[in-house]
>>> print(open('entry-v4.pdb').read())   # PDB, C-alpha atoms
ATOM      1  CA  MET A   1       0.099  43.514   1.261
ATOM      2  CA  THR A   2      -3.190  41.737   0.533
ATOM      3  CA  ILE A   3      -4.863  40.411  -2.573
ATOM      4  CA  TYR A   4      -7.173  43.435  -2.454
ATOM      5  CA  ASP A   5      -4.220  45.859  -2.485
ATOM      6  CA  ILE A   6      -2.782  44.112  -5.557
ATOM      7  CA  ALA A   7      -6.188  44.184  -7.263
ATOM      8  CA  LYS A   8      -6.611  47.916  -6.594
ATOM      9  CA  MET A   9      -3.177  48.776  -8.043
ATOM     10  CA  ALA A  10      -3.791  46.588 -11.098
ATOM     11  CA  GLY A  11      -7.282  47.971 -11.665
ATOM     12  CA  VAL A  12      -8.866  44.524 -11.573
ATOM     13  CA  SER A  13     -11.036  42.524  -9.188
ATOM     14  CA  ALA A  14      -9.656  40.439  -6.340
ATOM     15  CA  SER A  15     -11.021  37.330  -8.051
ATOM     16  CA  THR A  16      -8.894  38.123 -11.121
ATOM     17  CA  VAL A  17      -5.764  38.344  -8.961
ATOM     18  CA  SER A  18      -6.728  35.023  -7.356
ATOM     19  CA  ARG A  19      -7.081  33.426 -10.780
ATOM     20  CA  VAL A  20      -3.615  34.656 -11.757
ATOM     21  CA  ILE A  21      -2.094  33.289  -8.533
ATOM     22  CA  ASN A  22      -3.706  29.900  -9.102
ATOM     23  CA  GLU A  23      -2.790  29.780 -12.825
ATOM     24  CA  LYS A  24      -6.426  29.708 -13.962
ATOM     25  CA  PRO A  25      -7.335  30.295 -17.639
ATOM     26  CA  GLY A  26      -9.656  32.953 -19.073
ATOM     27  CA  ILE A  27      -7.534  36.058 -18.356
ATOM     28  CA  LYS A  28      -6.001  38.350 -20.990
ATOM     29  CA  GLU A  29      -2.250  37.884 -21.217
ATOM     30  CA  SER A  30      -1.589  41.577 -20.695
ATOM     31  CA  THR A  31      -3.673  41.567 -17.508
ATOM     32  CA  ARG A  32      -1.951  38.390 -16.295
ATOM     33  CA  GLU A  33       1.523  39.903 -16.789
ATOM     34  CA  LYS A  34       0.517  43.164 -15.093
ATOM     35  CA  VAL A  35      -0.741  41.318 -12.027
ATOM     36  CA  LYS A  36       2.329  39.036 -11.935
ATOM     37  CA  GLN A  37       4.621  42.046 -12.077
ATOM     38  CA  LEU A  38       2.892  43.580  -9.066
ATOM     39  CA  LEU A  39       3.027  40.266  -7.199
ATOM     40  CA  ARG A  40       6.786  40.080  -7.794
ATOM     41  CA  GLU A  41       7.362  43.742  -6.999
ATOM     42  CA  TYR A  42       5.650  43.517  -3.623
ATOM     43  CA  ASN A  43       6.859  39.964  -2.803
ATOM     44  CA  TYR A  44       3.290  38.825  -2.357
ATOM     45  CA  THR A  45       2.912  35.466  -0.598
ATOM     46  CA  PRO A  46      -0.511  33.788  -0.525
ATOM     47  CA  ASP A  47      -2.025  33.138   2.900
ATOM     48  CA  GLU A  48      -2.102  29.336   2.938
ATOM     49  CA  ASN A  49      -4.526  29.241   5.856
ATOM     50  CA  ALA A  50      -6.973  31.445   4.003
ATOM     51  CA  ARG A  51      -6.537  29.414   0.822
ATOM     52  CA  GLY A  52      -7.173  26.266   2.789
ATOM     53  CA  LEU A  53     -10.474  27.632   4.049
ATOM     54  CA  VAL A  54     -11.546  28.354   0.486
ATOM     55  CA  ASN A  55     -10.155  25.232  -1.158
ATOM     56  CA  ARG A  56     -10.922  22.968   1.819
ATOM     57  CA  ASN A  57      -7.326  21.775   1.897
ATOM     58  CA  THR A  58      -4.341  22.992   3.867
ATOM     59  CA  ARG A  59      -1.489  21.048   2.227
ATOM     60  CA  LEU A  60      -0.508  20.320   5.823
ATOM     61  CA  ILE A  61       0.487  16.774   6.805
ATOM     62  CA  GLY A  62       0.680  15.607  10.404
ATOM     63  CA  ILE A  63       3.482  13.259  11.475
ATOM     64  CA  LEU A  64       3.117  11.505  14.826
ATOM     65  CA  VAL A  65       6.224   9.917  16.357
ATOM     66  CA  VAL A  66       6.068   7.737  19.475
ATOM     67  CA  ASP A  67       9.397   9.012  20.823
ATOM     68  CA  ILE A  68      11.175  11.817  18.981
ATOM     69  CA  ARG A  69      14.422  10.857  20.765
ATOM     70  CA  SER A  70      14.564   7.605  18.775
ATOM     71  CA  ALA A  71      17.128   8.098  16.000
ATOM     72  CA  HIS A  72      15.409   5.465  13.880
ATOM     73  CA  HIS A  73      12.064   7.265  14.019
ATOM     74  CA  THR A  74      13.441  10.764  13.531
ATOM     75  CA  ASP A  75      15.470   9.599  10.534
ATOM     76  CA  LEU A  76      12.263   8.232   9.047
ATOM     77  CA  ALA A  77      10.402  11.485   9.747
ATOM     78  CA  PHE A  78      13.253  13.417   8.095
ATOM     79  CA  VAL A  79      12.886  11.448   4.855
ATOM     80  CA  VAL A  80       9.100  11.895   4.912
ATOM     81  CA  GLU A  81       9.316  15.649   5.546
ATOM     82  CA  ASN A  82      11.736  16.125   2.650
ATOM     83  CA  TYR A  83       9.464  14.164   0.322
ATOM     84  CA  LEU A  84       6.449  16.231   1.349
ATOM     85  CA  ARG A  85       8.234  19.572   1.028
ATOM     86  CA  GLU A  86       9.414  18.748  -2.491
ATOM     87  CA  ARG A  87       5.774  18.231  -3.449
ATOM     88  CA  GLY A  88       4.444  21.420  -1.925
ATOM     89  CA  TYR A  89       3.269  20.085   1.426
ATOM     90  CA  CYS A  90       4.157  21.321   4.892
ATOM     91  CA  ALA A  91       4.614  18.920   7.811
ATOM     92  CA  ILE A  92       3.860  19.279  11.500
ATOM     93  CA  ILE A  93       5.734  16.744  13.678
ATOM     94  CA  ILE A  94       4.275  15.819  17.071
ATOM     95  CA  ASN A  95       5.918  13.693  19.755
ATOM     96  CA  ALA A  96       2.958  11.485  20.631
ATOM     97  CA  GLY A  97       4.428   9.699  23.639
ATOM     98  CA  PRO A  98       4.312   6.003  24.572
ATOM     99  CA  SER A  99       0.851   5.758  26.141
ATOM    100  CA  GLU A 100      -2.306   5.084  24.152
ATOM    101  CA  ASP A 101      -3.966   8.135  25.743
ATOM    102  CA  GLN A 102      -1.140  10.376  24.509
ATOM    103  CA  MET A 103      -1.368   8.889  21.029
ATOM    104  CA  ALA A 104      -5.118   9.558  20.902
ATOM    105  CA  GLU A 105      -4.491  13.134  22.066
ATOM    106  CA  GLY A 106      -2.001  13.553  19.217
ATOM    107  CA  LEU A 107      -4.673  12.515  16.714
ATOM    108  CA  LYS A 108      -7.032  15.100  18.180
ATOM    109  CA  LEU A 109      -4.356  17.786  17.757
ATOM    110  CA  LEU A 110      -4.002  16.877  14.088
ATOM    111  CA  GLU A 111      -7.757  17.200  13.613
ATOM    112  CA  GLN A 112      -7.627  20.663  15.176
ATOM    113  CA  ARG A 113      -4.868  21.663  12.715
ATOM    114  CA  ARG A 114      -7.060  20.511   9.802
ATOM    115  CA  VAL A 115      -4.377  18.318   8.279
ATOM    116  CA  ASP A 116      -4.923  16.849   4.824
ATOM    117  CA  GLY A 117      -3.348  13.558   5.910
ATOM    118  CA  ALA A 118      -1.429  11.907   8.724
ATOM    119  CA  LEU A 119       1.564   9.572   9.007
ATOM    120  CA  LEU A 120       2.098   7.575  12.191
ATOM    121  CA  VAL A 121       5.683   6.416  12.759
ATOM    122  CA  GLY A 122       6.127   3.208  14.744
ATOM    123  CA  SER A 123       4.429  -0.123  15.322
ATOM    124  CA  MET A 124       3.125   0.981  18.748
ATOM    125  CA  PHE A 125       0.323   2.904  17.004
ATOM    126  CA  GLN A 126      -1.288  -0.475  16.303
ATOM    127  CA  ASN A 127      -3.764  -0.404  19.182
ATOM    128  CA  GLU A 128      -7.517  -0.080  19.649
ATOM    129  CA  GLN A 129      -7.406   3.408  21.161
ATOM    130  CA  VAL A 130      -5.539   4.786  18.161
ATOM    131  CA  LYS A 131      -7.921   2.961  15.852
ATOM    132  CA  GLN A 132     -10.870   4.578  17.613
ATOM    133  CA  GLY A 133      -9.095   7.956  17.595
ATOM    134  CA  ILE A 134      -8.569   7.809  13.826
ATOM    135  CA  PHE A 135     -12.247   6.920  13.365
ATOM    136  CA  GLU A 136     -13.360   9.826  15.572
ATOM    137  CA  HIS A 137     -10.918  12.538  14.491
ATOM    138  CA  LEU A 138      -9.342  11.702  11.121
ATOM    139  CA  ARG A 139     -11.830   9.521   9.297
ATOM    140  CA  GLU A 140     -12.082  12.025   6.403
ATOM    141  CA  VAL A 141      -8.354  12.103   5.604
ATOM    142  CA  PRO A 142      -5.835   9.429   4.571
ATOM    143  CA  VAL A 143      -3.682   7.960   7.345
ATOM    144  CA  VAL A 144      -0.533   5.891   6.743
ATOM    145  CA  LEU A 145       1.221   3.790   9.376
ATOM    146  CA  ALA A 146       4.967   3.306   8.950
ATOM    147  CA  ASN A 147       5.697  -0.217  10.221
ATOM    148  CA  GLY A 148       2.105  -0.950  11.075
ATOM    149  CA  TYR A 149      -1.480  -1.274   9.883
ATOM    150  CA  LEU A 150      -5.016  -0.788  11.204
ATOM    151  CA  ASP A 151      -8.129  -2.086   9.478
ATOM    152  CA  LEU A 152      -9.980   1.134   8.628
ATOM    153  CA  PRO A 153     -11.184   2.385   5.220
ATOM    154  CA  ASN A 154      -8.863   5.415   5.188
ATOM    155  CA  VAL A 155      -5.761   3.704   6.658
ATOM    156  CA  TYR A 156      -2.757   2.383   4.743
ATOM    157  CA  GLY A 157       0.281   0.527   6.062
ATOM    158  CA  VAL A 158       3.916   0.024   5.073
ATOM    159  CA  LEU A 159       5.480  -2.878   6.948
ATOM    160  CA  VAL A 160       8.792  -4.725   7.138
ATOM    161  CA  ASP A 161       8.901  -8.474   7.719
ATOM    162  CA  GLU A 162      11.130  -8.265  10.794
ATOM    163  CA  CYS A 163      10.164 -11.740  11.963
ATOM    164  CA  ASP A 164      11.603 -13.285   8.799
ATOM    165  CA  GLY A 165      14.609 -10.964   9.033
ATOM    166  CA  VAL A 166      15.530 -12.191  12.514
ATOM    167  CA  LYS A 167      15.176 -15.785  11.329
ATOM    168  CA  ARG A 168      17.862 -15.037   8.758
ATOM    169  CA  CYS A 169      19.994 -13.487  11.508
ATOM    170  CA  VAL A 170      19.816 -16.787  13.406
ATOM    171  CA  GLU A 171      20.798 -18.617  10.220
ATOM    172  CA  LEU A 172      23.805 -16.338   9.733
ATOM    173  CA  LEU A 173      25.097 -16.894  13.248
ATOM    174  CA  ARG A 174      24.671 -20.647  12.863
ATOM    175  CA  LYS A 175      26.661 -20.555   9.610
ATOM    176  CA  LYS A 176      29.412 -18.733  11.516
ATOM    177  CA  GLY A 177      29.624 -21.717  13.878
ATOM    178  CA  LYS A 178      27.741 -20.080  16.759
ATOM    179  CA  GLU A 179      25.400 -22.571  18.399
ATOM    180  CA  LYS A 180      24.379 -21.145  21.773
ATOM    181  CA  LEU A 181      22.371 -18.108  20.690
ATOM    182  CA  ALA A 182      20.563 -15.595  22.874
ATOM    183  CA  TYR A 183      18.223 -12.663  22.292
ATOM    184  CA  ILE A 184      18.272  -9.335  24.155
ATOM    185  CA  GLY A 185      15.794  -6.556  23.467
ATOM    186  CA  THR A 186      12.670  -4.557  24.148
ATOM    187  CA  MET A 187       9.300  -6.269  24.567
ATOM    188  CA  ASP A 188       6.989  -3.259  24.394
ATOM    189  CA  SER A 189       5.747  -3.058  20.798
ATOM    190  CA  PRO A 190       4.375  -5.235  17.985
ATOM    191  CA  SER A 191       7.674  -4.712  16.146
ATOM    192  CA  SER A 192       9.805  -5.938  19.060
ATOM    193  CA  MET A 193       7.534  -8.944  19.566
ATOM    194  CA  ALA A 194       7.801  -9.842  15.867
ATOM    195  CA  LYS A 195      11.606  -9.825  16.196
ATOM    196  CA  LEU A 196      11.446 -12.032  19.289
ATOM    197  CA  LYS A 197       9.084 -14.398  17.481
ATOM    198  CA  GLY A 198      11.603 -14.735  14.652
ATOM    199  CA  TYR A 199      14.309 -15.788  17.128
ATOM    200  CA  GLN A 200      12.047 -18.265  18.903
ATOM    201  CA  GLU A 201      10.671 -19.905  15.766
ATOM    202  CA  LYS A 202      14.017 -20.274  14.011
ATOM    203  CA  MET A 203      15.731 -21.697  17.060
ATOM    204  CA  LYS A 204      12.975 -24.293  17.325
ATOM    205  CA  GLU A 205      13.456 -25.131  13.639
ATOM    206  CA  PHE A 206      17.093 -25.898  14.478
ATOM    207  CA  GLY A 207      15.955 -28.363  17.140
ATOM    208  CA  TYR A 208      16.112 -26.246  20.286
ATOM    209  CA  ASP A 209      13.164 -26.470  22.678
ATOM    210  CA  SER A 210      11.729 -23.674  24.787
ATOM    211  CA  SER A 211      14.033 -24.411  27.725
ATOM    212  CA  ASP A 212      17.061 -23.854  25.469
ATOM    213  CA  LEU A 213      16.039 -20.315  24.505
ATOM    214  CA  ILE A 214      17.910 -17.540  26.325
ATOM    215  CA  ILE A 215      16.063 -14.218  26.384
ATOM    216  CA  GLU A 216      16.830 -11.044  28.327
ATOM    217  CA  GLU A 217      14.757  -7.859  28.324
ATOM    218  CA  ALA A 218      16.393  -4.442  27.869
ATOM    219  CA  ASP A 219      15.357  -0.848  27.327
ATOM    220  CA  ALA A 220      16.240   0.877  24.058
ATOM    221  CA  ASP A 221      19.461   2.562  25.198
ATOM    222  CA  ARG A 222      23.173   1.785  25.521
ATOM    223  CA  GLU A 223      23.226   1.603  29.311
ATOM    224  CA  SER A 224      20.469  -0.993  29.370
ATOM    225  CA  GLY A 225      22.240  -2.954  26.625
ATOM    226  CA  TYR A 226      25.391  -3.041  28.728
ATOM    227  CA  GLU A 227      23.585  -4.118  31.896
ATOM    228  CA  ALA A 228      21.409  -6.747  30.177
ATOM    229  CA  THR A 229      24.466  -8.281  28.492
ATOM    230  CA  VAL A 230      26.374  -8.499  31.773
ATOM    231  CA  ARG A 231      23.367 -10.144  33.471
ATOM    232  CA  LEU A 232      22.944 -12.671  30.666
ATOM    233  CA  LEU A 233      26.604 -13.641  30.416
ATOM    234  CA  ARG A 234      26.943 -14.092  34.167
ATOM    235  CA  LYS A 235      24.111 -16.625  33.982
ATOM    236  CA  HIS A 236      24.965 -18.097  30.574
ATOM    237  CA  GLY A 237      28.653 -17.671  29.866
ATOM    238  CA  GLU A 238      28.401 -20.411  27.228
ATOM    239  CA  VAL A 239      26.419 -18.123  24.898
ATOM    240  CA  ASP A 240      28.482 -17.432  21.767
ATOM    241  CA  GLY A 241      26.112 -15.264  19.750
ATOM    242  CA  ILE A 242      23.552 -12.607  20.694
ATOM    243  CA  ILE A 243      20.892 -10.869  18.595
ATOM    244  CA  TYR A 244      19.819  -7.438  19.877
ATOM    245  CA  SER A 245      16.449  -5.912  18.986
ATOM    246  CA  GLU A 246      18.062  -2.517  18.233
ATOM    247  CA  ASP A 247      21.525  -1.291  17.278
ATOM    248  CA  VAL A 248      21.623   1.155  20.188
ATOM    249  CA  ILE A 249      21.242  -1.728  22.648
ATOM    250  CA  ALA A 250      23.955  -3.702  20.861
ATOM    251  CA  ALA A 251      26.263  -0.669  21.002
ATOM    252  CA  GLY A 252      26.135  -0.765  24.792
ATOM    253  CA  ALA A 253      26.661  -4.514  24.719
ATOM    254  CA  VAL A 254      29.921  -4.238  22.776
ATOM    255  CA  ARG A 255      31.519  -2.423  25.717
ATOM    256  CA  ALA A 256      30.205  -5.080  28.091
ATOM    257  CA  PHE A 257      31.957  -7.807  26.101
ATOM    258  CA  TRP A 258      35.264  -5.934  26.275
ATOM    259  CA  ASP A 259      34.918  -5.279  29.998
ATOM    260  CA  LEU A 260      34.215  -8.974  30.616
ATOM    261  CA  GLY A 261      37.254  -9.992  28.565
ATOM    262  CA  TYR A 262      35.506 -11.474  25.528
ATOM    263  CA  LYS A 263      36.678 -10.923  21.956
ATOM    264  CA  ILE A 264      34.221 -10.055  19.174
ATOM    265  CA  PRO A 265      33.501 -12.063  17.060
ATOM    266  CA  GLU A 266      35.969 -14.794  18.038
ATOM    267  CA  ASP A 267      34.390 -15.508  21.438
ATOM    268  CA  LYS A 268      30.990 -13.885  21.003
ATOM    269  CA  ALA A 269      29.263 -12.701  17.830
ATOM    270  CA  VAL A 270      27.004  -9.634  18.030
ATOM    271  CA  LEU A 271      24.149  -8.704  15.700
ATOM    272  CA  GLY A 272      21.871  -5.656  15.925
ATOM    273  CA  ILE A 273      18.746  -4.490  14.143
ATOM    274  CA  ASP A 274      17.894  -1.200  12.356
ATOM    275  CA  ASN A 275      21.202  -0.563  10.519
ATOM    276  CA  THR A 276      21.642   2.839  12.169
ATOM    277  CA  ILE A 277      24.734   5.010  12.680
ATOM    278  CA  TYR A 278      25.419   3.117  15.948
ATOM    279  CA  GLY A 279      26.581   0.163  13.869
ATOM    280  CA  GLU A 280      29.282   2.277  12.221
ATOM    281  CA  LEU A 281      30.418   3.888  15.485
ATOM    282  CA  THR A 282      31.061   0.740  17.511
ATOM    283  CA  TYR A 283      34.354  -1.132  17.503
ATOM    284  CA  PRO A 284      34.229  -3.592  15.949
ATOM    285  CA  LYS A 285      31.605  -2.343  13.497
ATOM    286  CA  LEU A 286      28.232  -3.937  14.022
ATOM    287  CA  THR A 287      26.494  -6.416  11.753
ATOM    288  CA  SER A 288      22.870  -5.291  11.564
ATOM    289  CA  LEU A 289      19.516  -6.216  10.057
ATOM    290  CA  ASP A 290      18.572  -3.375   7.719
ATOM    291  CA  ASN A 291      14.817  -3.014   8.102
ATOM    292  CA  LYS A 292      14.625  -0.564   5.200
ATOM    293  CA  MET A 293      13.920   2.662   7.071
ATOM    294  CA  THR A 294      14.603   4.906   4.068
ATOM    295  CA  GLU A 295      12.515   2.782   1.721
ATOM    296  CA  MET A 296       9.711   2.570   4.289
ATOM    297  CA  ALA A 297       9.697   6.339   4.754
ATOM    298  CA  TYR A 298       9.657   6.974   1.002
ATOM    299  CA  GLU A 299       6.840   4.513   0.334
ATOM    300  CA  ALA A 300       4.777   5.774   3.276
ATOM    301  CA  ALA A 301       5.120   9.374   2.088
ATOM    302  CA  ARG A 302       4.362   8.421  -1.515
ATOM    303  CA  ILE A 303       1.231   6.480  -0.594
ATOM    304  CA  LEU A 304       0.031   9.312   1.645
ATOM    305  CA  VAL A 305       0.491  12.040  -0.978
ATOM    306  CA  GLU A 306      -1.191   9.941  -3.654
ATOM    307  CA  ALA A 307      -4.101   9.217  -1.307
ATOM    308  CA  VAL A 308      -4.464  12.915  -0.440
ATOM    309  CA  GLU A 309      -4.549  13.693  -4.165
ATOM    310  CA  GLY A 310      -7.260  11.118  -4.778
ATOM    311  CA  LYS A 311      -5.195   8.371  -6.393
ATOM    312  CA  THR A 312      -5.775   4.712  -5.612
ATOM    313  CA  ASN A 313      -3.060   2.663  -3.939
ATOM    314  CA  THR A 314      -2.374  -0.588  -2.143
ATOM    315  CA  LYS A 315      -3.675  -0.742   1.420
ATOM    316  CA  ARG A 316      -0.712  -2.738   2.740
ATOM    317  CA  LEU A 317       2.812  -2.822   1.396
ATOM    318  CA  MET A 318       5.405  -5.280   2.727
ATOM    319  CA  LEU A 319       9.153  -4.643   2.474
ATOM    320  CA  PHE A 320      11.844  -7.245   3.091
ATOM    321  CA  SER A 321      14.943  -6.673   5.207
ATOM    322  CA  ASP A 322      18.610  -7.376   4.420
ATOM    323  CA  ILE A 323      21.516  -8.243   6.692
ATOM    324  CA  VAL A 324      24.426  -5.806   6.463
ATOM    325  CA  GLU A 325      27.400  -7.846   7.633
ATOM    326  CA  ARG A 326      30.291  -6.062   9.325
ATOM    327  CA  GLU A 327      33.058  -7.012  11.750
ATOM    328  CA  SER A 328      30.981  -8.165  14.729
ATOM    329  CA  THR A 329      30.086 -11.467  13.034
TER     330      THR A 329
END
>>> encode(input="entry-v4.pdb", output="structure tokens")
Amino acid sequence: MTIYDIAKMAGVSASTVSRVINEKPGIKESTREKVKQLLREYNYTPDENARGLVNRNTRLIGILVVDIRSAHHTDLAFVVENYLRERGYCAIIINAGPSEDQMAEGLKLLEQRRVDGALLVGSMFQNEQVKQGIFEHLREVPVVLANGYLDLPNVYGVLVDECDGVKRCVELLRKKGKEKLAYIGTMDSPSSMAKLKGYQEKMKEFGYDSSDLIIEEADADRESGYEATVRLLRKHGEVDGIIYSEDVIAAGAVRAFWDLGYKIPEDKAVLGIDNTIYGELTYPKLTSLDNKMTEMAYEAARILVEAVEGKTNTKRLMLFSDIVEREST
């Protein structure tokens, strides 16, 4: 059933049917009701692609995620997609991949889909190739980075001060009487480096020099958390508190402590970051730095929709994290 079929049955022009669908004025009420009745009777659904060609908008938003397997990123995308759907937008979610080439290819795909706006989830999108890709492929539409920012006229950013948050994590562990503190985590993104910086700077404020800092690299999974914790404790058994760059890494570490015979938090205190479901599933439950995923997702989606609809907004918005203390400290 097309708009022309409805128009023929109603005895009006196709443009009149279009005006009724789009709630335009200047149509007799009797004609409007007749057309609406036919639209209901035949369950007419407008072709959004065709409408987009006419109106030059698709109400389609592209969401790029570095790694769709990351619970933190998919949770954020879930909040964004719900926000968009409630406001009449449809989302397309693309797993961009970790390399800059893959990210740039994702931007090209969004251009081909004629999106009205794009949201990039993750600090790893802060690189020159993505910046150039936005300029080449998406310069005419608003782009929002969740946990990042790029200096372009059409780009907005929502960030969390994770460096300051980790500093407060160090303070908490010190207040709990833990003095030999270590850091275990990923080192592959601006976000992870900001967390590491927070650990380094706060430890130095407490009088530790560079040689006192204990740092171990790990991948973002439980197995790597387990292995990195075992390696660290075999070299530095005196460590009595460890900050992990992600909850999932800390979840693997909890098992390592038990296997090595340490009690949490009596012998070793454990603190993660992200405040994800992993913190509730471990035993003991995990203290975690809440980097405001839900709030970040909401603000990123809000800024994007307002930008698509022509409203002015702040270019960079900073959120501040909170520590959710549970049994592991």
>>> closest_residue(input="entry-v4.pdb", among="A:Val254, A:Val115, A:Ile93, A:Ala307", to="Tyr283 (chain A)", atoms="only C-alpha atoms")
A:Val254
>>> resolve_selection(input="entry-v4.pdb", expression="the PyMOL selection byres ((chain A and resi 42) around 12)", output="JSON, numbers by chain")
{"A": [1, 2, 3, 5, 6, 9, 35, 36, 37, 38, 39, 40, 41, 43, 44, 45, 46]}
>>> resolve_selection(input="entry-v4.pdb", expression="the PyMOL selection byres ((chain A and resi 179-183) around 7)", output="ChimeraX atom specification")
/A:174,177-178,184-185,213-216,238-244
>>> write_last_selection(input="entry-v4.pdb", atoms="C-alpha atoms", output="compact mmCIF listing (two decimals), in the coordinates of the input")
# COMPACT_ATOMS: atom_id res chain seq x y z
CA ARG A 174 24.67 -20.65 12.86
CA GLY A 177 29.62 -21.72 13.88
CA LYS A 178 27.74 -20.08 16.76
CA ILE A 184 18.27 -9.34 24.16
CA GLY A 185 15.79 -6.56 23.47
CA LEU A 213 16.04 -20.32 24.50
CA ILE A 214 17.91 -17.54 26.32
CA ILE A 215 16.06 -14.22 26.38
CA GLU A 216 16.83 -11.04 28.33
CA GLU A 238 28.40 -20.41 27.23
CA VAL A 239 26.42 -18.12 24.90
CA ASP A 240 28.48 -17.43 21.77
CA GLY A 241 26.11 -15.26 19.75
CA ILE A 242 23.55 -12.61 20.69
CA ILE A 243 20.89 -10.87 18.60
CA TYR A 244 19.82 -7.44 19.88
>>> axis_aligned_box(input="entry-v4.pdb", around="region 123-129 of chain A", padding_each_side="3 Å", output="lines of an AutoDock Vina configuration file")
center_x = -1.5
center_y = 1.5
center_z = 18.2
size_x = 17.9
size_y = 9.9
size_z = 11.8
>>> resolve_selection(input="entry-v4.pdb", expression="the PyMOL selection byres ((chain A and resi 138) around 12)", output="VMD selection string")
chain A and resid 61 to 62 104 106 to 119 130 to 137 139 to 144 152 to 155
>>> build_atoms(input="entry-v4.pdb", residues="region 21-40 of chain A", atoms="N, CA and C atoms", output="PDB file, keeping the file's coordinate frame")
ATOM      1  N   ILE A  21      -2.909  34.016  -9.517  1.00  0.00           N
ATOM      2  CA  ILE A  21      -2.094  33.289  -8.533  1.00  0.00           C
ATOM      3  C   ILE A  21      -2.227  31.783  -8.707  1.00  0.00           C
ATOM      4  N   ASN A  22      -3.438  31.328  -9.001  1.00  0.00           N
ATOM      5  CA  ASN A  22      -3.706  29.900  -9.102  1.00  0.00           C
ATOM      6  C   ASN A  22      -3.619  29.368 -10.530  1.00  0.00           C
ATOM      7  N   GLU A  23      -3.037  30.200 -11.447  1.00  0.00           N
ATOM      8  CA  GLU A  23      -2.790  29.780 -12.825  1.00  0.00           C
ATOM      9  C   GLU A  23      -4.057  29.311 -13.524  1.00  0.00           C
ATOM     10  N   LYS A  24      -5.159  30.042 -13.310  1.00  0.00           N
ATOM     11  CA  LYS A  24      -6.426  29.708 -13.962  1.00  0.00           C
ATOM     12  C   LYS A  24      -6.498  30.367 -15.339  1.00  0.00           C
ATOM     13  N   PRO A  25      -7.203  29.715 -16.296  1.00  0.00           N
ATOM     14  CA  PRO A  25      -7.335  30.295 -17.639  1.00  0.00           C
ATOM     15  C   PRO A  25      -8.397  31.388 -17.677  1.00  0.00           C
ATOM     16  N   GLY A  26      -8.588  31.975 -18.866  1.00  0.00           N
ATOM     17  CA  GLY A  26      -9.656  32.953 -19.073  1.00  0.00           C
ATOM     18  C   GLY A  26      -9.279  34.369 -18.701  1.00  0.00           C
ATOM     19  N   ILE A  27      -7.979  34.699 -18.674  1.00  0.00           N
ATOM     20  CA  ILE A  27      -7.534  36.058 -18.356  1.00  0.00           C
ATOM     21  C   ILE A  27      -6.637  36.543 -19.491  1.00  0.00           C
ATOM     22  N   LYS A  28      -6.841  37.801 -19.924  1.00  0.00           N
ATOM     23  CA  LYS A  28      -6.001  38.350 -20.990  1.00  0.00           C
ATOM     24  C   LYS A  28      -4.533  38.316 -20.564  1.00  0.00           C
ATOM     25  N   GLU A  29      -3.661  38.028 -21.525  1.00  0.00           N
ATOM     26  CA  GLU A  29      -2.250  37.884 -21.217  1.00  0.00           C
ATOM     27  C   GLU A  29      -1.654  39.161 -20.655  1.00  0.00           C
ATOM     28  N   SER A  30      -2.105  40.296 -21.176  1.00  0.00           N
ATOM     29  CA  SER A  30      -1.589  41.577 -20.695  1.00  0.00           C
ATOM     30  C   SER A  30      -1.975  41.803 -19.232  1.00  0.00           C
ATOM     31  N   THR A  31      -3.213  41.431 -18.898  1.00  0.00           N
ATOM     32  CA  THR A  31      -3.673  41.567 -17.508  1.00  0.00           C
ATOM     33  C   THR A  31      -2.895  40.622 -16.599  1.00  0.00           C
ATOM     34  N   ARG A  32      -2.682  39.385 -17.081  1.00  0.00           N
ATOM     35  CA  ARG A  32      -1.951  38.390 -16.295  1.00  0.00           C
ATOM     36  C   ARG A  32      -0.539  38.887 -15.973  1.00  0.00           C
ATOM     37  N   GLU A  33       0.153  39.429 -16.986  1.00  0.00           N
ATOM     38  CA  GLU A  33       1.523  39.903 -16.789  1.00  0.00           C
ATOM     39  C   GLU A  33       1.565  41.105 -15.856  1.00  0.00           C
ATOM     40  N   LYS A  34       0.567  41.983 -15.963  1.00  0.00           N
ATOM     41  CA  LYS A  34       0.517  43.164 -15.093  1.00  0.00           C
ATOM     42  C   LYS A  34       0.370  42.744 -13.631  1.00  0.00           C
ATOM     43  N   VAL A  35      -0.527  41.792 -13.387  1.00  0.00           N
ATOM     44  CA  VAL A  35      -0.741  41.318 -12.027  1.00  0.00           C
ATOM     45  C   VAL A  35       0.505  40.597 -11.507  1.00  0.00           C
ATOM     46  N   LYS A  36       1.126  39.756 -12.354  1.00  0.00           N
ATOM     47  CA  LYS A  36       2.329  39.036 -11.935  1.00  0.00           C
ATOM     48  C   LYS A  36       3.465  39.981 -11.579  1.00  0.00           C
ATOM     49  N   GLN A  37       3.570  41.066 -12.358  1.00  0.00           N
ATOM     50  CA  GLN A  37       4.621  42.046 -12.077  1.00  0.00           C
ATOM     51  C   GLN A  37       4.424  42.674 -10.701  1.00  0.00           C
ATOM     52  N   LEU A  38       3.181  43.005 -10.378  1.00  0.00           N
ATOM     53  CA  LEU A  38       2.892  43.580  -9.066  1.00  0.00           C
ATOM     54  C   LEU A  38       3.140  42.563  -7.945  1.00  0.00           C
ATOM     55  N   LEU A  39       2.791  41.305  -8.201  1.00  0.00           N
ATOM     56  CA  LEU A  39       3.027  40.266  -7.199  1.00  0.00           C
ATOM     57  C   LEU A  39       4.517  40.117  -6.905  1.00  0.00           C
ATOM     58  N   ARG A  40       5.333  40.173  -7.976  1.00  0.00           N
ATOM     59  CA  ARG A  40       6.786  40.080  -7.794  1.00  0.00           C
ATOM     60  C   ARG A  40       7.330  41.320  -7.103  1.00  0.00           C
TER      61      ARG A  40
END
